[in-house]
>>> print(open('structure05.txt').read())   # compact mmCIF, C-alpha atoms
# COMPACT_ATOMS: atom_id res chain seq x y z
CA MET A 107 -5.62 22.10 20.84
CA LYS A 108 -4.45 20.47 17.63
CA THR A 109 -3.47 16.81 17.98
CA ASN A 110 -1.98 14.09 15.75
CA ARG A 111 1.02 16.25 14.98
CA ILE A 112 4.75 16.45 15.50
CA ILE A 113 5.95 19.57 17.28
CA PRO A 114 9.53 20.45 16.26
CA GLY A 115 11.50 21.74 19.20
CA ASP A 116 12.95 21.14 22.65
CA ALA A 117 10.93 18.82 24.90
CA LEU A 118 11.02 21.00 28.01
CA ALA A 119 10.23 24.23 26.15
CA GLU A 120 7.36 22.71 24.16
CA LEU A 121 5.82 20.87 27.10
CA LYS A 122 5.52 24.22 28.88
CA LYS A 123 3.29 25.46 26.06
CA LEU A 124 0.75 22.65 26.40
CA PRO A 125 -2.34 23.00 28.63
CA ALA A 126 -2.46 21.32 32.02
CA ALA A 127 -4.12 17.91 32.43
CA CYS A 128 -4.55 17.32 28.69
CA ALA A 129 -2.79 13.96 28.27
CA GLN A 130 -4.09 10.62 29.46
CA SER A 131 -0.68 9.02 29.02
CA ILE A 132 2.92 10.18 28.67
CA ILE A 133 5.34 7.81 26.93
CA ALA A 134 8.87 9.15 27.41
CA ASP A 135 12.03 7.51 26.07
CA PRO A 136 14.58 10.24 26.85
CA PRO A 137 18.35 10.21 26.33
CA TYR A 138 19.87 7.81 28.88
CA PHE A 139 23.03 9.93 29.47
CA ASN A 140 26.32 8.67 28.06
CA VAL A 141 24.99 5.26 27.02
CA LEU A 142 25.19 5.88 23.26
CA GLU A 143 28.50 7.70 23.30
CA ASP A 144 28.52 8.31 19.53
CA GLU A 145 25.25 10.27 19.71
CA ALA A 146 25.51 13.99 20.56
CA TRP A 147 22.00 13.99 22.07
CA ASP A 148 23.09 11.41 24.66
CA THR A 149 26.34 13.11 25.66
CA GLN A 150 25.25 16.76 25.88
CA TRP A 151 25.45 17.07 29.68
CA LYS A 152 28.79 17.69 31.38
CA THR A 153 27.86 15.88 34.58
CA ALA A 154 25.29 13.43 35.89
CA ALA A 155 23.99 16.21 38.14
CA ASP A 156 23.24 18.34 35.09
CA TYR A 157 21.38 15.46 33.47
CA LEU A 158 19.35 14.73 36.60
CA ALA A 159 18.34 18.38 36.95
CA TRP A 160 17.20 18.44 33.32
CA CYS A 161 15.18 15.24 33.82
CA GLU A 162 13.50 16.63 36.92
CA ALA A 163 12.43 19.67 34.91
CA TRP A 164 10.88 17.87 31.94
CA VAL A 165 9.25 15.24 34.15
CA ALA A 166 7.65 18.03 36.24
CA GLU A 167 6.17 19.50 33.05
CA SER A 168 5.04 16.06 31.90
CA MET A 169 3.22 15.52 35.18
CA ARG A 170 1.60 18.95 34.81
CA VAL A 171 0.10 18.08 31.42
CA LEU A 172 -0.95 14.60 32.63
CA CYS A 173 -4.60 14.01 33.53
CA ASP A 174 -5.40 13.31 37.16
CA ASP A 175 -6.02 9.63 36.41
CA GLY A 176 -3.21 9.34 33.84
CA LEU A 177 0.09 7.46 33.84
CA CYS A 178 3.58 8.62 32.86
CA PHE A 179 5.97 5.96 31.53
CA ILE A 180 9.70 6.80 31.60
CA PHE A 181 12.26 4.48 29.99
CA GLY A 182 15.71 3.94 31.48
CA GLN A 183 18.59 1.52 31.67
CA LEU A 184 21.00 0.28 34.30
CA GLY A 185 24.57 -0.97 34.07
CA LYS A 186 27.96 -0.53 35.66
CA ARG A 187 28.56 2.60 33.59
CA GLU A 188 25.03 3.73 32.76
CA HIS A 189 23.55 3.70 36.26
CA THR A 190 22.30 7.30 36.44
CA PHE A 191 18.73 6.09 36.00
CA LEU A 192 18.95 4.50 39.45
CA HIS A 193 19.44 7.94 41.00
CA LEU A 194 16.76 9.45 38.76
CA MET A 195 14.17 6.90 39.87
CA SER A 196 14.91 7.68 43.51
CA ARG A 197 14.51 11.43 42.97
CA LEU A 198 11.35 11.18 40.91
CA ALA A 199 9.72 8.80 43.38
CA GLN A 200 10.22 11.44 46.07
CA GLN A 201 8.87 14.28 43.94
CA HIS A 202 5.90 12.47 42.35
CA GLN A 203 3.67 9.49 43.07
CA PHE A 204 5.31 6.17 42.22
CA HIS A 205 2.97 3.71 40.52
CA ASP A 206 5.02 0.78 39.18
CA LEU A 207 8.35 -0.32 37.77
CA ILE A 208 8.07 -2.31 34.56
CA ILE A 209 10.89 -4.53 33.37
CA TRP A 210 11.19 -4.71 29.62
CA ASP A 211 12.69 -8.13 28.92
CA ARG A 212 14.39 -7.64 25.56
CA ALA A 213 14.46 -11.45 25.03
CA VAL A 214 18.12 -11.37 24.00
CA GLY A 215 21.16 -9.98 25.80
CA TYR A 216 23.54 -7.31 24.60
CA ASP A 217 27.07 -6.04 25.42
CA GLU A 218 28.63 -9.25 26.72
CA ARG A 219 30.62 -8.75 29.94
CA ARG A 220 33.36 -10.84 31.48
CA ASP A 221 32.62 -10.14 35.14
CA SER A 222 28.81 -9.95 35.35
CA PHE A 223 25.63 -11.32 33.83
CA THR A 224 24.75 -10.31 30.29
CA PRO A 225 22.21 -7.42 30.39
CA GLN A 226 18.85 -8.33 28.92
CA TYR A 227 16.42 -5.74 30.23
CA GLU A 228 15.56 -2.09 30.38
CA MET A 229 13.23 -0.42 32.85
CA VAL A 230 10.11 1.72 32.66
CA LEU A 231 9.37 3.86 35.69
CA VAL A 232 5.64 4.51 35.97
CA MET A 233 4.41 7.62 37.79
CA ARG A 234 0.83 8.60 38.53
CA LYS A 235 -0.70 11.97 39.32
CA GLY A 236 -3.74 11.05 41.42
CA GLU A 237 -4.80 8.24 43.72
CA LYS A 238 -6.91 6.56 41.05
CA VAL A 239 -5.68 5.77 37.55
CA LYS A 240 -7.20 4.57 34.30
CA PHE A 241 -5.81 1.07 33.78
CA ASN A 242 -7.17 -1.72 31.58
CA LYS A 243 -5.62 -5.10 32.39
CA ASP A 244 -7.79 -6.83 29.78
CA ALA A 245 -6.14 -4.81 27.01
CA VAL A 246 -2.77 -6.50 27.55
CA ARG A 247 -3.71 -10.11 28.16
CA ILE A 248 -1.31 -12.77 26.86
CA PRO A 249 -3.03 -15.51 24.79
CA TYR A 250 -2.85 -19.15 25.81
CA ASP A 251 -2.33 -21.69 23.05
CA ALA A 252 -5.12 -24.19 22.39
CA LYS A 253 -3.28 -27.11 24.02
CA THR A 254 -2.73 -25.15 27.24
CA ILE A 255 -6.39 -24.14 27.37
CA GLU A 256 -7.55 -27.74 27.02
CA THR A 257 -5.11 -28.87 29.72
CA TYR A 258 -6.32 -26.23 32.17
CA LEU A 259 -9.96 -27.12 31.45
CA LYS A 260 -9.30 -30.63 32.81
CA ASP A 261 -8.88 -29.14 36.28
CA LYS A 262 -12.02 -30.30 38.11
CA ARG A 263 -11.77 -27.63 40.84
CA TYR A 264 -13.68 -25.17 38.64
CA LYS A 265 -17.47 -25.62 38.76
CA ASP A 266 -18.38 -23.08 36.07
CA MET A 267 -16.42 -24.43 33.13
CA ASP A 268 -17.96 -21.98 30.67
CA ALA A 269 -16.64 -19.06 32.71
CA ARG A 270 -13.30 -20.81 33.05
CA ARG A 271 -13.05 -21.33 29.29
CA ALA A 272 -13.96 -17.69 28.61
CA HIS A 273 -11.22 -16.56 31.00
CA LEU A 274 -8.64 -18.85 29.42
CA GLU A 275 -9.57 -17.85 25.88
CA ALA A 276 -9.18 -14.20 26.86
CA GLY A 277 -5.60 -14.96 27.92
CA LYS A 278 -3.65 -14.50 31.12
CA PHE A 279 -3.05 -11.12 32.69
CA ALA A 280 0.33 -9.58 31.90
CA THR A 281 2.83 -9.05 34.70
CA ASN A 282 5.11 -6.05 35.10
CA ILE A 283 7.79 -8.01 33.26
CA LEU A 284 6.99 -7.49 29.58
CA ARG A 285 8.86 -9.81 27.24
CA VAL A 286 9.07 -8.18 23.82
CA PRO A 287 12.07 -8.90 21.55
CA SER A 288 14.27 -5.89 20.89
CA LEU A 289 14.73 -4.67 17.32
CA LYS A 290 17.73 -5.90 15.41
CA GLY A 291 19.41 -4.27 12.44
CA ILE A 292 17.62 -6.55 9.97
CA SER A 293 14.19 -5.91 11.46
CA LYS A 294 11.65 -4.51 8.97
CA GLU A 295 10.46 -2.24 11.76
CA LYS A 296 13.83 -0.48 12.09
CA CYS A 297 13.64 3.12 10.90
CA GLY A 298 17.10 4.50 11.56
CA HIS A 299 17.06 5.41 15.25
CA PRO A 300 19.73 3.71 17.42
CA SER A 301 17.45 3.27 20.46
CA GLN A 302 14.14 2.60 18.71
CA LYS A 303 11.64 0.66 20.82
CA PRO A 304 9.43 -2.12 19.38
CA ILE A 305 5.95 -0.90 18.51
CA ASP A 306 4.47 -3.96 20.25
CA LEU A 307 5.95 -2.76 23.54
CA ILE A 308 4.66 0.80 23.16
CA GLU A 309 1.22 -0.47 22.10
CA LYS A 310 0.97 -2.40 25.37
CA LEU A 311 1.69 0.73 27.42
CA ILE A 312 -0.83 2.80 25.47
CA ALA A 313 -3.51 0.10 25.42
CA CYS A 314 -3.45 -0.44 29.19
CA SER A 315 -3.49 3.26 30.12
CA THR A 316 -5.85 4.89 27.61
CA ASP A 317 -9.20 4.53 25.84
CA ALA A 318 -10.09 5.36 22.25
CA ASP A 319 -9.53 9.05 21.40
CA ASP A 320 -7.52 9.72 24.57
CA LEU A 321 -4.41 11.85 24.08
CA VAL A 322 -0.92 10.35 24.31
CA ILE A 323 2.10 12.67 24.44
CA ASP A 324 5.68 11.64 23.66
CA PRO A 325 8.23 14.36 24.56
CA PHE A 326 11.02 12.53 22.67
CA LEU A 327 9.30 11.16 19.59
CA GLY A 328 12.41 9.96 17.75
CA SER A 329 11.44 7.73 14.85
CA GLY A 330 7.74 8.02 15.71
CA THR A 331 6.98 4.71 17.42
CA THR A 332 4.59 6.21 19.98
CA ALA A 333 2.71 8.12 17.29
CA ALA A 334 2.46 5.02 15.10
CA ALA A 335 1.20 2.93 18.02
CA ALA A 336 -1.35 5.57 19.02
CA GLN A 337 -2.50 5.89 15.42
CA ARG A 338 -3.05 2.14 15.15
CA LEU A 339 -4.99 2.03 18.43
CA GLY A 340 -7.25 4.96 17.61
CA ARG A 341 -5.74 7.39 20.12
CA GLN A 342 -4.92 11.07 19.68
CA TRP A 343 -1.23 11.88 19.93
CA ILE A 344 1.33 14.66 20.08
CA GLY A 345 5.04 14.07 19.58
CA ILE A 346 7.85 16.50 20.33
CA GLU A 347 11.16 16.09 18.51
CA LYS A 348 14.06 18.50 17.97
CA ASP A 349 16.07 16.50 15.41
CA SER A 350 14.88 17.32 11.88
CA ASN A 351 16.20 14.02 10.55
CA TYR A 352 14.10 12.00 12.98
CA ILE A 353 11.08 14.18 12.25
CA GLN A 354 11.36 13.26 8.56
CA ILE A 355 11.71 9.57 9.45
CA ALA A 356 8.64 9.72 11.70
CA GLN A 357 6.56 11.59 9.11
CA LYS A 358 7.42 9.06 6.41
CA ARG A 359 6.64 6.18 8.75
CA LEU A 360 3.29 7.59 9.82
CA ALA A 361 2.26 8.30 6.23
CA ALA A 362 3.11 4.72 5.23
CA ASP A 363 1.16 3.40 8.23
CA SER A 364 -1.88 5.49 7.30
CA ASP A 365 -1.79 4.18 3.73
CA LEU A 366 -1.53 0.60 4.99
CA PHE A 367 -4.55 0.94 7.28
CA SER A 368 -6.64 2.74 4.68
CA LYS A 369 -6.15 -0.17 2.26
CA SER A 370 -6.91 -2.88 4.83
>>> encode(input="structure05.txt", output="structure tokens")
Amino acid sequence: MKTNRIIPGDALAELKKLPAACAQSIIADPPYFNVLEDEAWDTQWKTAADYLAWCEAWVAESMRVLCDDGLCFIFGQLGKREHTFLHLMSRLAQQHQFHDLIIWDRAVGYDERRDSFTPQYEMVLVMRKGEKVKFNKDAVRIPYDAKTIETYLKDKRYKDMDARRAHLEAGKFATNILRVPSLKGISKEKCGHPSQKPIDLIEKLIACSTDADDLVIDPFLGSGTTAAAAQRLGRQWIGIEKDSNYIQIAQKRLAADSDLFSKS
């Protein structure tokens, strides 16, 4: 099977063509359903029931192509209007094995509201296929600054200070609340997609769930963030995207990334 390529086409139809148990990780950032009301791809379903049925179908195919010890990450968002993801999580957790729920802390709020707290997070539902999964906590440690390390080393409860220092210098283990600033319009990383995710966030998901040369599949590639992250981390990847404009954006981005790494 050819990897490191963008497959033009519909996510559900193209997933059905891929062999079973080929992907170590699935990174899926699908349409959220009537959240971006100016985007035809987010408003194409007449009812929430239609959207949920479609999601159940592509998730089932994603789980089919997932390795037995792989993880499937599915982005979603909650709000007073855009709460369909709440129902989707409930359905998927009954149909597949629930693994975790990650909160993406966007660091800044958006869409100020008069009668509730300002939203500042999105969610990532994590599903697994088997009882055991490949997961590397060391790959997503959060560094301590030098002053914090020295302060913690003054704690006399630890007898093996060399081991304590090594642990502190490696950084603390990440929680399932990942704080990564969202992309703003002036960000150099912005490529022209209205719901583009930060590459730092996607790299964390790939790094913790895969090893070098493992295959990562993104059924909704968009501007190519998953492919770019996989490329940087030395993973194989396949991206599916039906919008020709986004395919061109992703191809240009990946080519520029390749040139950058080849010169470094």
>>> closest_residue(input="structure05.txt", among="A:Ser315, A:Thr332, A:Gln302, A:Ser293", to="Cys173 (chain A)", atoms="all atoms listed in the file")
A:Ser315
>>> residues_around(input="structure05.txt", residues="Gly340 (chain A)", least_positions_apart="5", cutoff="9 Å", atoms="all atoms listed in the file", output="list of chain:residue names")
A:Asp317, A:Ala318, A:Asp319, A:Asp320, A:Ala335
>>> residues_around(input="structure05.txt", residues="region 207-217 of chain A", least_positions_apart="3", cutoff="9 Å", atoms="all atoms listed in the file", output="list in words")
Phe204, Thr224, Pro225, Gln226, Tyr227, Glu228, Met229, Val230, Leu231, Val232, Met233, Thr281, Asn282, Ile283, Leu284, Arg285, Val286, Pro287, Ser288, Leu289 and Leu307 of chain A
>>> closest_residue(input="structure05.txt", among="A:Lys260, A:Arg338, A:Arg220, A:Lys310", to="Ala245 (chain A)", atoms="only C-alpha atoms")
A:Lys310
>>> residues_around(input="structure05.txt", residues="Thr331 (chain A)", least_positions_apart="3", cutoff="8 Å", atoms="only C-alpha atoms", output="list in words")
Gln302, Lys303, Pro304, Ile305, Ile308, Leu327, Gly328, Ala334, Ala335 and Ala356 of chain A
>>> residues_around(input="structure05.txt", residues="Ala199 (chain A)", least_positions_apart="6", cutoff="12 Å", atoms="only C-alpha atoms", output="list in words")
Glu162, Val165, Ala166, Ile180, Phe191, Leu192, His193, His205, Asp206, Leu207, Leu231, Val232, Met233, Arg234 and Lys235 of chain A
>>> residues_around(input="structure05.txt", residues="Trp160 (chain A)", least_positions_apart="5", cutoff="12 Å", atoms="only C-alpha atoms", output="list of chain:residue names")
A:Asp116, A:Ala117, A:Leu118, A:Ala119, A:Pro136, A:Pro137, A:Tyr138, A:Phe139, A:Gln150, A:Trp151, A:Lys152, A:Thr153, A:Ala154, A:Ala155, A:Val165, A:Ala166, A:Glu167, A:Leu194
>>> atom_distance(input="structure05.txt", atom1="CA of Pro325 (chain A)", atom2="CA of Gln183 (chain A)")
18.0 Å
>>> atom_distance(input="structure05.txt", atom1="CA of Pro300 (chain A)", atom2="CA of Cys178 (chain A)")
22.9 Å
>>> atom_distance(input="structure05.txt", atom1="CA of Met107 (chain A)", atom2="CA of Cys128 (chain A)")
9.3 Å
>>> residues_near_point(input="structure05.txt", point="(12.8, 18.3, 20.1)", cutoff="7 Å", atoms="all atoms listed in the file", output="compact mmCIF listing (two decimals) with C-alpha atoms, in the frame of the given file")
# COMPACT_ATOMS: atom_id res chain seq x y z
CA PRO A 114 9.53 20.45 16.26
CA GLY A 115 11.50 21.74 19.20
CA ASP A 116 12.95 21.14 22.65
CA ALA A 117 10.93 18.82 24.90
CA PHE A 326 11.02 12.53 22.67
CA ILE A 346 7.85 16.50 20.33
CA GLU A 347 11.16 16.09 18.51
CA LYS A 348 14.06 18.50 17.97
CA ASP A 349 16.07 16.50 15.41
>>> closest_residue(input="structure05.txt", among="A:Ile132, A:Met267, A:Cys314, A:Ala272", to="Pro249 (chain A)", atoms="only C-alpha atoms")
A:Ala272
>>> closest_residue(input="structure05.txt", among="A:Gln130, A:Gln203, A:Ile255, A:His189", to="Leu158 (chain A)", atoms="all atoms listed in the file")
A:His189
>>> residues_near_point(input="structure05.txt", point="(-9.8, -10.4, 27.7)", cutoff="8 Å", atoms="all atoms listed in the file", output="JSON, numbers by chain")
{"A": [244, 245, 247, 273, 275, 276, 277]}
>>> axis_aligned_box(input="structure05.txt", around="region 201-211 of chain A", padding_each_side="3 Å", output="lines of an AutoDock Vina configuration file")
center_x = 7.8
center_y = 3.1
center_z = 36.4
size_x = 15.7
size_y = 28.4
size_z = 21.0
>>> closest_residue(input="structure05.txt", among="A:Phe181, A:Ile113, A:Tyr264, A:Gly291", to="Gly330 (chain A)", atoms="all atoms listed in the file")
A:Ile113
